[in-house]
>>> print(open('start34.pdb').read())   # PDB, C-alpha atoms, pLDDT in the B column
ATOM      1  CA  MET Q 369      55.924 -50.890  84.498  1.00 45.00           C
ATOM      2  CA  THR Q 370      56.538 -51.756  88.170  1.00 45.00           C
ATOM      3  CA  THR Q 371      53.989 -51.441  90.966  1.00 49.00           C
ATOM      4  CA  ASP Q 372      54.328 -50.343  94.566  1.00 53.00           C
ATOM      5  CA  PRO Q 373      55.659 -53.358  96.540  1.00 55.00           C
ATOM      6  CA  ASN Q 374      54.112 -52.028  99.779  1.00 61.00           C
ATOM      7  CA  ARG Q 375      50.628 -51.547  98.368  1.00 64.00           C
ATOM      8  CA  VAL Q 376      49.135 -54.658 100.009  1.00 65.00           C
ATOM      9  CA  LEU Q 377      50.775 -53.921 103.354  1.00 67.00           C
ATOM     10  CA  ARG Q 378      49.490 -50.340 103.398  1.00 66.00           C
ATOM     11  CA  ARG Q 379      45.930 -51.446 102.639  1.00 72.00           C
ATOM     12  CA  LEU Q 380      45.864 -54.340 105.110  1.00 73.00           C
ATOM     13  CA  PRO Q 381      44.701 -52.324 108.188  1.00 73.00           C
ATOM     14  CA  ILE Q 382      41.826 -50.834 106.167  1.00 74.00           C
ATOM     15  CA  VAL Q 383      40.697 -54.261 104.965  1.00 75.00           C
ATOM     16  CA  VAL Q 384      40.957 -55.853 108.411  1.00 74.00           C
ATOM     17  CA  GLY Q 385      39.249 -52.912 110.118  1.00 72.00           C
ATOM     18  CA  GLY Q 386      36.431 -52.836 107.583  1.00 76.00           C
ATOM     19  CA  LEU Q 387      35.928 -56.604 107.790  1.00 78.00           C
ATOM     20  CA  GLY Q 388      35.825 -56.433 111.584  1.00 72.00           C
ATOM     21  CA  ALA Q 389      33.200 -53.669 111.498  1.00 75.00           C
ATOM     22  CA  ILE Q 390      31.027 -55.684 109.078  1.00 81.00           C
ATOM     23  CA  LEU Q 391      31.241 -58.816 111.251  1.00 76.00           C
ATOM     24  CA  LEU Q 392      30.308 -56.811 114.333  1.00 71.00           C
ATOM     25  CA  LEU Q 393      27.273 -55.403 112.541  1.00 74.00           C
ATOM     26  CA  ILE Q 394      26.166 -58.850 111.361  1.00 79.00           C
ATOM     27  CA  ASN Q 395      26.613 -60.256 114.849  1.00 71.00           C
ATOM     28  CA  ARG Q 396      24.543 -57.442 116.349  1.00 69.00           C
ATOM     29  CA  LEU Q 397      21.734 -57.931 113.798  1.00 72.00           C
ATOM     30  CA  LEU Q 398      21.597 -61.672 114.449  1.00 72.00           C
ATOM     31  CA  THR Q 399      21.602 -61.334 118.233  1.00 72.00           C
ATOM     32  CA  THR Q 400      18.082 -61.563 119.719  1.00 68.00           C
ATOM     33  CA  GLU Q 401      19.054 -60.754 123.300  1.00 70.00           C
ATOM     34  CA  LEU Q 402      21.863 -58.288 123.950  1.00 64.00           C
ATOM     35  CA  THR Q 403      23.878 -58.721 127.136  1.00 70.00           C
ATOM     36  CA  GLN Q 404      26.031 -56.110 128.875  1.00 71.00           C
ATOM     37  CA  SER Q 405      29.201 -58.069 128.149  1.00 70.00           C
ATOM     38  CA  GLN Q 406      28.332 -58.243 124.461  1.00 66.00           C
ATOM     39  CA  SER Q 407      27.657 -54.499 124.395  1.00 68.00           C
ATOM     40  CA  ARG Q 408      31.073 -53.809 125.913  1.00 69.00           C
ATOM     41  CA  GLY Q 409      32.643 -56.202 123.422  1.00 68.00           C
ATOM     42  CA  ASP Q 410      30.887 -54.489 120.532  1.00 67.00           C
ATOM     43  CA  VAL Q 411      32.103 -51.065 121.674  1.00 71.00           C
ATOM     44  CA  LEU Q 412      35.659 -52.352 121.973  1.00 75.00           C
ATOM     45  CA  GLY Q 413      35.420 -54.006 118.545  1.00 71.00           C
ATOM     46  CA  VAL Q 414      34.140 -50.797 116.932  1.00 72.00           C
ATOM     47  CA  ILE Q 415      37.016 -48.830 118.479  1.00 79.00           C
ATOM     48  CA  LEU Q 416      39.593 -51.361 117.269  1.00 76.00           C
ATOM     49  CA  SER Q 417      38.096 -51.385 113.763  1.00 75.00           C
ATOM     50  CA  ALA Q 418      38.137 -47.575 113.647  1.00 77.00           C
ATOM     51  CA  VAL Q 419      41.779 -47.495 114.807  1.00 76.00           C
ATOM     52  CA  LEU Q 420      42.769 -50.009 112.120  1.00 72.00           C
ATOM     53  CA  ILE Q 421      40.996 -48.073 109.376  1.00 74.00           C
ATOM     54  CA  LEU Q 422      42.527 -44.786 110.561  1.00 76.00           C
ATOM     55  CA  THR Q 423      45.986 -46.398 110.647  1.00 73.00           C
ATOM     56  CA  GLY Q 424      45.530 -47.648 107.093  1.00 70.00           C
ATOM     57  CA  LEU Q 425      44.489 -44.195 105.880  1.00 68.00           C
ATOM     58  CA  ILE Q 426      47.545 -42.640 107.547  1.00 70.00           C
ATOM     59  CA  TRP Q 427      49.817 -45.230 105.976  1.00 64.00           C
ATOM     60  CA  GLN Q 428      48.375 -44.395 102.565  1.00 64.00           C
ATOM     61  CA  GLN Q 429      49.554 -40.813 103.035  1.00 62.00           C
ATOM     62  CA  VAL Q 430      52.870 -41.039 104.880  1.00 56.00           C
ATOM     63  CA  GLN Q 431      54.533 -44.170 103.542  1.00 51.00           C
ATOM     64  CA  PRO Q 432      56.523 -43.337 100.405  1.00 53.00           C
ATOM     65  CA  ARG Q 433      55.551 -45.112  97.242  1.00 56.00           C
ATOM     66  CA  SER Q 434      58.179 -46.303  94.820  1.00 58.00           C
ATOM     67  CA  PRO Q 435      57.939 -44.309  91.585  1.00 63.00           C
ATOM     68  CA  GLN Q 436      56.654 -46.312  88.648  1.00 80.00           C
ATOM     69  CA  THR Q 437      59.235 -46.991  85.971  1.00 83.00           C
ATOM     70  CA  VAL Q 438      58.909 -47.503  82.226  1.00 88.00           C
ATOM     71  CA  GLU Q 439      61.096 -48.963  79.529  1.00 91.00           C
ATOM     72  CA  LEU Q 440      62.401 -45.980  77.593  1.00 92.00           C
ATOM     73  CA  ILE Q 441      61.785 -46.117  73.857  1.00 93.00           C
ATOM     74  CA  GLY Q 442      64.970 -46.130  71.820  1.00 93.00           C
ATOM     75  CA  GLU Q 443      68.169 -48.007  71.108  1.00 93.00           C
ATOM     76  CA  GLU Q 444      71.115 -48.457  73.460  1.00 95.00           C
ATOM     77  CA  GLY Q 445      74.064 -46.408  72.274  1.00 96.00           C
ATOM     78  CA  PHE Q 446      77.270 -44.570  73.144  1.00 97.00           C
ATOM     79  CA  ILE Q 447      78.269 -41.783  70.773  1.00 96.00           C
ATOM     80  CA  LEU Q 448      81.148 -39.358  71.314  1.00 96.00           C
ATOM     81  CA  ALA Q 449      82.107 -36.420  69.111  1.00 94.00           C
ATOM     82  CA  SER Q 450      85.030 -37.638  67.038  1.00 92.00           C
ATOM     83  CA  ASP Q 451      87.102 -34.455  67.237  1.00 92.00           C
ATOM     84  CA  LEU Q 452      87.454 -34.388  71.008  1.00 92.00           C
ATOM     85  CA  PRO Q 453      90.856 -34.873  72.668  1.00 93.00           C
ATOM     86  CA  GLU Q 454      91.365 -38.351  74.083  1.00 93.00           C
ATOM     87  CA  ALA Q 455      91.557 -37.007  77.626  1.00 92.00           C
ATOM     88  CA  VAL Q 456      88.158 -35.364  77.260  1.00 93.00           C
ATOM     89  CA  LYS Q 457      86.666 -38.506  75.719  1.00 94.00           C
ATOM     90  CA  THR Q 458      87.915 -40.511  78.702  1.00 94.00           C
ATOM     91  CA  GLU Q 459      86.468 -37.988  81.137  1.00 94.00           C
ATOM     92  CA  LEU Q 460      83.078 -37.986  79.430  1.00 95.00           C
ATOM     93  CA  ALA Q 461      83.007 -41.784  79.274  1.00 95.00           C
ATOM     94  CA  TRP Q 462      83.856 -42.028  82.981  1.00 94.00           C
ATOM     95  CA  ALA Q 463      81.268 -39.446  84.056  1.00 95.00           C
ATOM     96  CA  SER Q 464      78.474 -40.901  81.920  1.00 96.00           C
ATOM     97  CA  HIS Q 465      79.181 -44.427  83.155  1.00 96.00           C
ATOM     98  CA  LEU Q 466      78.911 -43.284  86.783  1.00 94.00           C
ATOM     99  CA  LEU Q 467      75.633 -41.494  86.149  1.00 95.00           C
ATOM    100  CA  LEU Q 468      74.067 -44.402  84.277  1.00 96.00           C
ATOM    101  CA  THR Q 469      75.078 -47.006  86.837  1.00 94.00           C
ATOM    102  CA  ASN Q 470      74.562 -45.087  90.092  1.00 92.00           C
ATOM    103  CA  THR Q 471      71.418 -43.025  89.465  1.00 92.00           C
ATOM    104  CA  VAL Q 472      68.039 -43.535  87.803  1.00 93.00           C
ATOM    105  CA  THR Q 473      69.459 -41.937  84.648  1.00 95.00           C
ATOM    106  CA  ARG Q 474      68.826 -44.058  81.552  1.00 96.00           C
ATOM    107  CA  SER Q 475      69.842 -41.586  78.865  1.00 97.00           C
ATOM    108  CA  LEU Q 476      72.106 -38.550  78.874  1.00 97.00           C
ATOM    109  CA  VAL Q 477      73.417 -35.853  76.585  1.00 97.00           C
ATOM    110  CA  VAL Q 478      76.357 -33.489  77.013  1.00 97.00           C
ATOM    111  CA  PHE Q 479      75.869 -30.261  75.059  1.00 96.00           C
ATOM    112  CA  SER Q 480      78.563 -27.592  75.008  1.00 93.00           C
ATOM    113  CA  GLN Q 481      79.235 -24.510  72.891  1.00 90.00           C
ATOM    114  CA  GLY Q 482      76.437 -25.341  70.492  1.00 90.00           C
ATOM    115  CA  LYS Q 483      77.601 -28.898  69.904  1.00 94.00           C
ATOM    116  CA  VAL Q 484      76.606 -32.356  71.144  1.00 96.00           C
ATOM    117  CA  LEU Q 485      79.700 -33.928  72.702  1.00 96.00           C
ATOM    118  CA  LEU Q 486      78.154 -37.120  74.047  1.00 97.00           C
ATOM    119  CA  ARG Q 487      74.990 -39.212  73.812  1.00 97.00           C
ATOM    120  CA  ARG Q 488      74.779 -42.355  75.894  1.00 97.00           C
ATOM    121  CA  GLY Q 489      72.202 -44.793  77.207  1.00 96.00           C
ATOM    122  CA  ILE Q 490      68.821 -45.193  75.511  1.00 96.00           C
ATOM    123  CA  LEU Q 491      68.971 -42.912  72.480  1.00 96.00           C
ATOM    124  CA  ALA Q 492      66.169 -41.284  70.532  1.00 94.00           C
ATOM    125  CA  THR Q 493      66.227 -41.073  66.739  1.00 93.00           C
ATOM    126  CA  LYS Q 494      66.965 -37.342  66.724  1.00 93.00           C
ATOM    127  CA  SER Q 495      70.517 -36.458  67.697  1.00 91.00           C
ATOM    128  CA  GLU Q 496      70.605 -32.677  67.320  1.00 92.00           C
ATOM    129  CA  VAL Q 497      69.975 -30.482  70.354  1.00 93.00           C
ATOM    130  CA  THR Q 498      68.052 -27.273  69.741  1.00 88.00           C
ATOM    131  CA  LEU Q 499      68.256 -24.698  72.515  1.00 90.00           C
ATOM    132  CA  GLY Q 500      64.757 -24.167  73.856  1.00 91.00           C
ATOM    133  CA  PRO Q 501      63.564 -21.887  76.671  1.00 93.00           C
ATOM    134  CA  ILE Q 502      64.519 -24.340  79.414  1.00 94.00           C
ATOM    135  CA  LEU Q 503      68.103 -24.914  78.278  1.00 94.00           C
ATOM    136  CA  LYS Q 504      68.535 -21.194  77.613  1.00 94.00           C
ATOM    137  CA  ARG Q 505      67.400 -20.453  81.144  1.00 94.00           C
ATOM    138  CA  VAL Q 506      69.864 -22.985  82.558  1.00 95.00           C
ATOM    139  CA  LEU Q 507      72.723 -21.357  80.639  1.00 94.00           C
ATOM    140  CA  GLU Q 508      71.663 -17.838  81.580  1.00 94.00           C
ATOM    141  CA  THR Q 509      71.045 -18.433  85.280  1.00 94.00           C
ATOM    142  CA  GLN Q 510      73.734 -21.103  85.795  1.00 93.00           C
ATOM    143  CA  LYS Q 511      71.224 -23.042  87.877  1.00 95.00           C
ATOM    144  CA  ALA Q 512      69.980 -26.579  87.361  1.00 96.00           C
ATOM    145  CA  ILE Q 513      66.364 -27.282  86.451  1.00 95.00           C
ATOM    146  CA  TYR Q 514      64.730 -30.529  87.506  1.00 95.00           C
ATOM    147  CA  LEU Q 515      61.532 -31.445  85.654  1.00 94.00           C
ATOM    148  CA  VAL Q 516      60.228 -34.081  88.054  1.00 92.00           C
ATOM    149  CA  ALA Q 517      57.458 -35.340  85.737  1.00 91.00           C
ATOM    150  CA  LEU Q 518      58.270 -34.291  82.193  1.00 89.00           C
ATOM    151  CA  LYS Q 519      54.874 -35.070  80.691  1.00 87.00           C
ATOM    152  CA  VAL Q 520      53.133 -32.331  82.710  1.00 87.00           C
ATOM    153  CA  TYR Q 521      55.411 -29.557  81.441  1.00 86.00           C
ATOM    154  CA  PRO Q 522      54.512 -27.761  78.189  1.00 82.00           C
ATOM    155  CA  GLY Q 523      58.266 -27.334  77.607  1.00 81.00           C
ATOM    156  CA  GLN Q 524      58.700 -31.067  77.130  1.00 86.00           C
ATOM    157  CA  ILE Q 525      58.599 -30.564  73.352  1.00 91.00           C
ATOM    158  CA  GLU Q 526      62.118 -29.137  73.351  1.00 93.00           C
ATOM    159  CA  PHE Q 527      63.486 -32.468  74.599  1.00 95.00           C
ATOM    160  CA  ASP Q 528      62.702 -34.352  71.382  1.00 94.00           C
ATOM    161  CA  TYR Q 529      66.292 -35.621  71.319  1.00 95.00           C
ATOM    162  CA  LEU Q 530      65.510 -37.754  74.397  1.00 96.00           C
ATOM    163  CA  PRO Q 531      63.392 -40.956  74.406  1.00 95.00           C
ATOM    164  CA  GLU Q 532      59.771 -39.967  73.817  1.00 92.00           C
ATOM    165  CA  ASN Q 533      58.531 -41.532  77.056  1.00 93.00           C
ATOM    166  CA  THR Q 534      61.180 -39.941  79.289  1.00 94.00           C
ATOM    167  CA  GLN Q 535      59.678 -39.486  82.748  1.00 94.00           C
ATOM    168  CA  GLY Q 536      61.983 -36.973  84.414  1.00 94.00           C
ATOM    169  CA  VAL Q 537      64.766 -34.642  83.264  1.00 96.00           C
ATOM    170  CA  ILE Q 538      67.586 -32.787  84.980  1.00 96.00           C
ATOM    171  CA  CYS Q 539      69.352 -29.998  83.091  1.00 97.00           C
ATOM    172  CA  GLN Q 540      72.610 -29.303  84.913  1.00 97.00           C
ATOM    173  CA  PRO Q 541      74.901 -26.458  83.755  1.00 96.00           C
ATOM    174  CA  ILE Q 542      78.477 -27.330  82.834  1.00 95.00           C
ATOM    175  CA  GLY Q 543      80.307 -24.070  83.437  1.00 88.00           C
ATOM    176  CA  ASN Q 544      78.788 -21.228  81.433  1.00 86.00           C
ATOM    177  CA  GLN Q 545      78.954 -22.923  78.038  1.00 85.00           C
ATOM    178  CA  GLY Q 546      77.356 -26.317  78.370  1.00 93.00           C
ATOM    179  CA  VAL Q 547      74.548 -28.402  79.833  1.00 96.00           C
ATOM    180  CA  LEU Q 548      74.387 -31.966  81.096  1.00 97.00           C
ATOM    181  CA  ILE Q 549      70.936 -33.353  80.272  1.00 97.00           C
ATOM    182  CA  LEU Q 550      69.830 -36.453  82.153  1.00 97.00           C
ATOM    183  CA  ALA Q 551      66.714 -38.507  81.389  1.00 96.00           C
ATOM    184  CA  ALA Q 552      65.115 -40.861  83.922  1.00 95.00           C
ATOM    185  CA  ASN Q 553      62.641 -43.689  83.414  1.00 93.00           C
ATOM    186  CA  ALA Q 554      60.580 -42.775  86.488  1.00 91.00           C
ATOM    187  CA  PRO Q 555      59.052 -39.483  87.665  1.00 91.00           C
ATOM    188  CA  ARG Q 556      60.209 -37.841  90.918  1.00 89.00           C
ATOM    189  CA  SER Q 557      63.034 -40.351  91.152  1.00 89.00           C
ATOM    190  CA  TYR Q 558      66.140 -38.197  91.668  1.00 93.00           C
ATOM    191  CA  THR Q 559      66.947 -37.513  95.310  1.00 91.00           C
ATOM    192  CA  LYS Q 560      68.540 -34.355  96.726  1.00 92.00           C
ATOM    193  CA  GLN Q 561      71.731 -36.361  97.143  1.00 92.00           C
ATOM    194  CA  ASP Q 562      71.581 -37.357  93.467  1.00 93.00           C
ATOM    195  CA  GLU Q 563      71.207 -33.696  92.482  1.00 94.00           C
ATOM    196  CA  LYS Q 564      74.256 -32.695  94.540  1.00 94.00           C
ATOM    197  CA  TRP Q 565      76.297 -35.528  93.081  1.00 92.00           C
ATOM    198  CA  ILE Q 566      75.252 -34.633  89.523  1.00 95.00           C
ATOM    199  CA  ALA Q 567      76.242 -31.015  90.173  1.00 95.00           C
ATOM    200  CA  GLY Q 568      79.668 -32.178  91.371  1.00 94.00           C
ATOM    201  CA  ILE Q 569      80.255 -34.267  88.254  1.00 94.00           C
ATOM    202  CA  ALA Q 570      79.167 -31.346  86.054  1.00 95.00           C
ATOM    203  CA  ASP Q 571      81.652 -29.068  87.820  1.00 94.00           C
ATOM    204  CA  LYS Q 572      84.431 -31.572  87.124  1.00 92.00           C
ATOM    205  CA  LEU Q 573      83.411 -31.807  83.475  1.00 94.00           C
ATOM    206  CA  ALA Q 574      83.468 -28.002  83.261  1.00 92.00           C
ATOM    207  CA  VAL Q 575      87.128 -28.013  84.290  1.00 91.00           C
ATOM    208  CA  SER Q 576      88.020 -30.748  81.788  1.00 87.00           C
ATOM    209  CA  LEU Q 577      86.167 -29.081  78.902  1.00 87.00           C
ATOM    210  CA  GLY Q 578      87.589 -25.698  79.824  1.00 80.00           C
ATOM    211  CA  ASN Q 579      91.118 -27.050  79.612  1.00 65.00           C
TER     212      ASN Q 579
END
>>> encode(input="start34.pdb", output="structure tokens")
Amino acid sequence: MTTDPNRVLRRLPIVVGGLGAILLLINRLLTTELTQSQSRGDVLGVILSAVLILTGLIWQQVQPRSPQTVELIGEEGFILASDLPEAVKTELAWASHLLLTNTVTRSLVVFSQGKVLLRRGILATKSEVTLGPILKRVLETQKAIYLVALKVYPGQIEFDYLPENTQGVICQPIGNQGVLILAANAPRSYTKQDEKWIAGIADKLAVSLGN
């Protein structure tokens, strides 16, 4: 699992500000005779320490943190339905390769007309896809569903054909008969641009499968 590379940088102002405030307090306690210049210096030091601490707290909130990734549990694989036309196999292989190499997707399934056409990436033991409430909703509404952190959704149990520690899932409709199911190894890791690109690939697959 990876950690946030900016964690130390974001905490640095808080540490420096807190250390400065402690040193000012110690200096004041050890000073027997307080001069006007020292008082002005102490006030300035307190202000600077407060600004540093406030800056650190703001950085904690506004600077984006890299999502933590995991190693998905399963075996690497690439399985295509054997009875597909060669042109469709080529299209599915091309689309899945693009998704696996250009997004955070680590496992994907193409399900159409009640049949699994493709499984690629890190594969779970179970290969059959059972239509649960989430996939049914995708097919009925023709709208994608993005589960940004799969483990917090009760509906995660229907995705038992994906690696058990899948972090995020996108269910993208392929026409009105199929669904492209993408599994990521980090929560909240797909961007809006990724979602648009995935939708475009699904639309292209819909044309190929329809033909």
>>> resolve_selection(input="start34.pdb", expression="the PyMOL selection byres ((chain Q and resi 501) around 12)", output="ChimeraX atom specification")
/Q:498-500,502-509,513,522-527,539
>>> resolve_selection(input="start34.pdb", expression="the PyMOL selection byres ((chain Q and resi 495) around 6)", output="PyMOL selection string")
chain Q and resi 494+496+529
>>> write_last_selection(input="start34.pdb", atoms="C-alpha atoms", output="mmCIF file, in the frame of the given file")
data_model
loop_
_atom_site.group_PDB
_atom_site.id
_atom_site.type_symbol
_atom_site.label_atom_id
_atom_site.label_comp_id
_atom_site.auth_asym_id
_atom_site.auth_seq_id
_atom_site.Cartn_x
_atom_site.Cartn_y
_atom_site.Cartn_z
ATOM 1 C CA LYS Q 494 66.965 -37.342 66.724
ATOM 2 C CA GLU Q 496 70.605 -32.677 67.320
ATOM 3 C CA TYR Q 529 66.292 -35.621 71.319
#
>>> resolve_selection(input="start34.pdb", expression="the PyMOL selection byres ((chain Q and resi 385-394) around 7)", output="list in words")
Pro381, Ile382, Val383, Val384, Asn395, Arg396, Leu397, Leu398, Asp410, Val414, Ser417, Ala418, Leu420 and Ile421 of chain Q
>>> write_last_selection(input="start34.pdb", atoms="C-alpha atoms", output="PDB file, in the coordinates of the input")
ATOM      1  CA  PRO Q 381      44.701 -52.324 108.188  1.00 73.00           C
ATOM      2  CA  ILE Q 382      41.826 -50.834 106.167  1.00 74.00           C
ATOM      3  CA  VAL Q 383      40.697 -54.261 104.965  1.00 75.00           C
ATOM      4  CA  VAL Q 384      40.957 -55.853 108.411  1.00 74.00           C
ATOM      5  CA  ASN Q 395      26.613 -60.256 114.849  1.00 71.00           C
ATOM      6  CA  ARG Q 396      24.543 -57.442 116.349  1.00 69.00           C
ATOM      7  CA  LEU Q 397      21.734 -57.931 113.798  1.00 72.00           C
ATOM      8  CA  LEU Q 398      21.597 -61.672 114.449  1.00 72.00           C
ATOM      9  CA  ASP Q 410      30.887 -54.489 120.532  1.00 67.00           C
ATOM     10  CA  VAL Q 414      34.140 -50.797 116.932  1.00 72.00           C
ATOM     11  CA  SER Q 417      38.096 -51.385 113.763  1.00 75.00           C
ATOM     12  CA  ALA Q 418      38.137 -47.575 113.647  1.00 77.00           C
ATOM     13  CA  LEU Q 420      42.769 -50.009 112.120  1.00 72.00           C
ATOM     14  CA  ILE Q 421      40.996 -48.073 109.376  1.00 74.00           C
TER      15      ILE Q 421
END
>>> closest_residue(input="start34.pdb", among="Q:Thr471, Q:Gly482, Q:His465, Q:Leu416", to="Gln561 in chain Q", atoms="only C-alpha atoms")
Q:Thr471
>>> atom_distance(input="start34.pdb", atom1="CA of Ala551 in chain Q", atom2="CA of Thr469 in chain Q")
13.1 Å
>>> residues_around(input="start34.pdb", residues="Ala552 in chain Q", least_positions_apart="2", cutoff="10 Å", atoms="only C-alpha atoms", output="PyMOL selection string")
chain Q and resi 437-438+440+468+471-476+516-518+531+533-538+550+554-558
>>> residues_around(input="start34.pdb", residues="range 451-455 of chain Q", least_positions_apart="3", cutoff="9 Å", atoms="only C-alpha atoms", output="PyMOL selection string")
chain Q and resi 448+458-460+485+576
>>> atom_distance(input="start34.pdb", atom1="CA of Ala574 in chain Q", atom2="CA of Ala461 in chain Q")
14.4 Å
>>> residues_around(input="start34.pdb", residues="Arg488 in chain Q", least_positions_apart="3", cutoff="7 Å", atoms="all atoms listed in the file", output="ChimeraX atom specification")
/Q:445-447,475-477,491
>>> atom_distance(input="start34.pdb", atom1="CA of Val478 in chain Q", atom2="CA of Gly546 in chain Q")
7.4 Å
>>> build_atoms(input="start34.pdb", residues="range 450-474 of chain Q", atoms="N, CA and C atoms", output="mmCIF file, in the coordinates of the input")
data_model
loop_
_atom_site.group_PDB
_atom_site.id
_atom_site.type_symbol
_atom_site.label_atom_id
_atom_site.label_comp_id
_atom_site.auth_asym_id
_atom_site.auth_seq_id
_atom_site.Cartn_x
_atom_site.Cartn_y
_atom_site.Cartn_z
ATOM 1 N N SER Q 450 83.765 -37.051 67.487
ATOM 2 C CA SER Q 450 85.030 -37.638 67.038
ATOM 3 C C SER Q 450 86.220 -36.702 67.187
ATOM 4 N N ASP Q 451 85.988 -35.392 67.220
ATOM 5 C CA ASP Q 451 87.102 -34.455 67.237
ATOM 6 C C ASP Q 451 87.537 -34.033 68.642
ATOM 7 N N LEU Q 452 87.063 -34.718 69.638
ATOM 8 C CA LEU Q 452 87.454 -34.388 71.008
ATOM 9 C C LEU Q 452 88.826 -34.967 71.342
ATOM 10 N N PRO Q 453 89.590 -34.297 72.192
ATOM 11 C CA PRO Q 453 90.856 -34.873 72.668
ATOM 12 C C PRO Q 453 90.597 -36.162 73.432
ATOM 13 N N GLU Q 454 91.543 -37.058 73.424
ATOM 14 C CA GLU Q 454 91.365 -38.351 74.083
ATOM 15 C C GLU Q 454 91.101 -38.199 75.574
ATOM 16 N N ALA Q 455 91.752 -37.218 76.191
ATOM 17 C CA ALA Q 455 91.557 -37.007 77.626
ATOM 18 C C ALA Q 455 90.103 -36.613 77.928
ATOM 19 N N VAL Q 456 89.547 -35.795 77.068
ATOM 20 C CA VAL Q 456 88.158 -35.364 77.260
ATOM 21 C C VAL Q 456 87.211 -36.530 77.000
ATOM 22 N N LYS Q 457 87.487 -37.322 75.987
ATOM 23 C CA LYS Q 457 86.666 -38.506 75.719
ATOM 24 C C LYS Q 457 86.646 -39.443 76.930
ATOM 25 N N THR Q 458 87.820 -39.639 77.522
ATOM 26 C CA THR Q 458 87.915 -40.511 78.702
ATOM 27 C C THR Q 458 87.109 -39.947 79.860
ATOM 28 N N GLU Q 459 87.208 -38.636 80.051
ATOM 29 C CA GLU Q 459 86.468 -37.988 81.137
ATOM 30 C C GLU Q 459 84.960 -38.109 80.940
ATOM 31 N N LEU Q 460 84.506 -37.887 79.729
ATOM 32 C CA LEU Q 460 83.078 -37.986 79.430
ATOM 33 C C LEU Q 460 82.580 -39.420 79.590
ATOM 34 N N ALA Q 461 83.392 -40.375 79.146
ATOM 35 C CA ALA Q 461 83.007 -41.784 79.274
ATOM 36 C C ALA Q 461 82.906 -42.176 80.744
ATOM 37 N N TRP Q 462 83.860 -41.727 81.543
ATOM 38 C CA TRP Q 462 83.856 -42.028 82.981
ATOM 39 C C TRP Q 462 82.630 -41.420 83.666
ATOM 40 N N ALA Q 463 82.377 -40.141 83.407
ATOM 41 C CA ALA Q 463 81.268 -39.446 84.056
ATOM 42 C C ALA Q 463 79.925 -40.054 83.663
ATOM 43 N N SER Q 464 79.751 -40.346 82.383
ATOM 44 C CA SER Q 464 78.474 -40.901 81.920
ATOM 45 C C SER Q 464 78.249 -42.298 82.480
ATOM 46 N N HIS Q 465 79.309 -43.077 82.583
ATOM 47 C CA HIS Q 465 79.181 -44.427 83.155
ATOM 48 C C HIS Q 465 78.723 -44.348 84.605
ATOM 49 N N LEU Q 466 79.303 -43.437 85.383
ATOM 50 C CA LEU Q 466 78.911 -43.284 86.783
ATOM 51 C C LEU Q 466 77.443 -42.894 86.909
ATOM 52 N N LEU Q 467 77.011 -41.966 86.071
ATOM 53 C CA LEU Q 467 75.633 -41.494 86.149
ATOM 54 C C LEU Q 467 74.632 -42.574 85.748
ATOM 55 N N LEU Q 468 74.977 -43.361 84.752
ATOM 56 C CA LEU Q 468 74.067 -44.402 84.277
ATOM 57 C C LEU Q 468 73.988 -45.598 85.229
ATOM 58 N N THR Q 469 75.045 -45.828 85.972
ATOM 59 C CA THR Q 469 75.078 -47.006 86.837
ATOM 60 C C THR Q 469 74.742 -46.695 88.297
ATOM 61 N N ASN Q 470 74.772 -45.429 88.690
ATOM 62 C CA ASN Q 470 74.562 -45.087 90.092
ATOM 63 C C ASN Q 470 73.353 -44.185 90.346
ATOM 64 N N THR Q 471 72.641 -43.803 89.302
ATOM 65 C CA THR Q 471 71.418 -43.025 89.465
ATOM 66 C C THR Q 471 70.323 -43.641 88.599
ATOM 67 N N VAL Q 472 69.151 -43.038 88.624
ATOM 68 C CA VAL Q 472 68.039 -43.535 87.803
ATOM 69 C C VAL Q 472 68.164 -43.086 86.350
ATOM 70 N N THR Q 473 69.236 -42.398 86.018
ATOM 71 C CA THR Q 473 69.459 -41.937 84.648
ATOM 72 C C THR Q 473 69.524 -43.120 83.691
ATOM 73 N N ARG Q 474 68.791 -43.014 82.581
ATOM 74 C CA ARG Q 474 68.826 -44.058 81.552
ATOM 75 C C ARG Q 474 69.294 -43.521 80.204
#
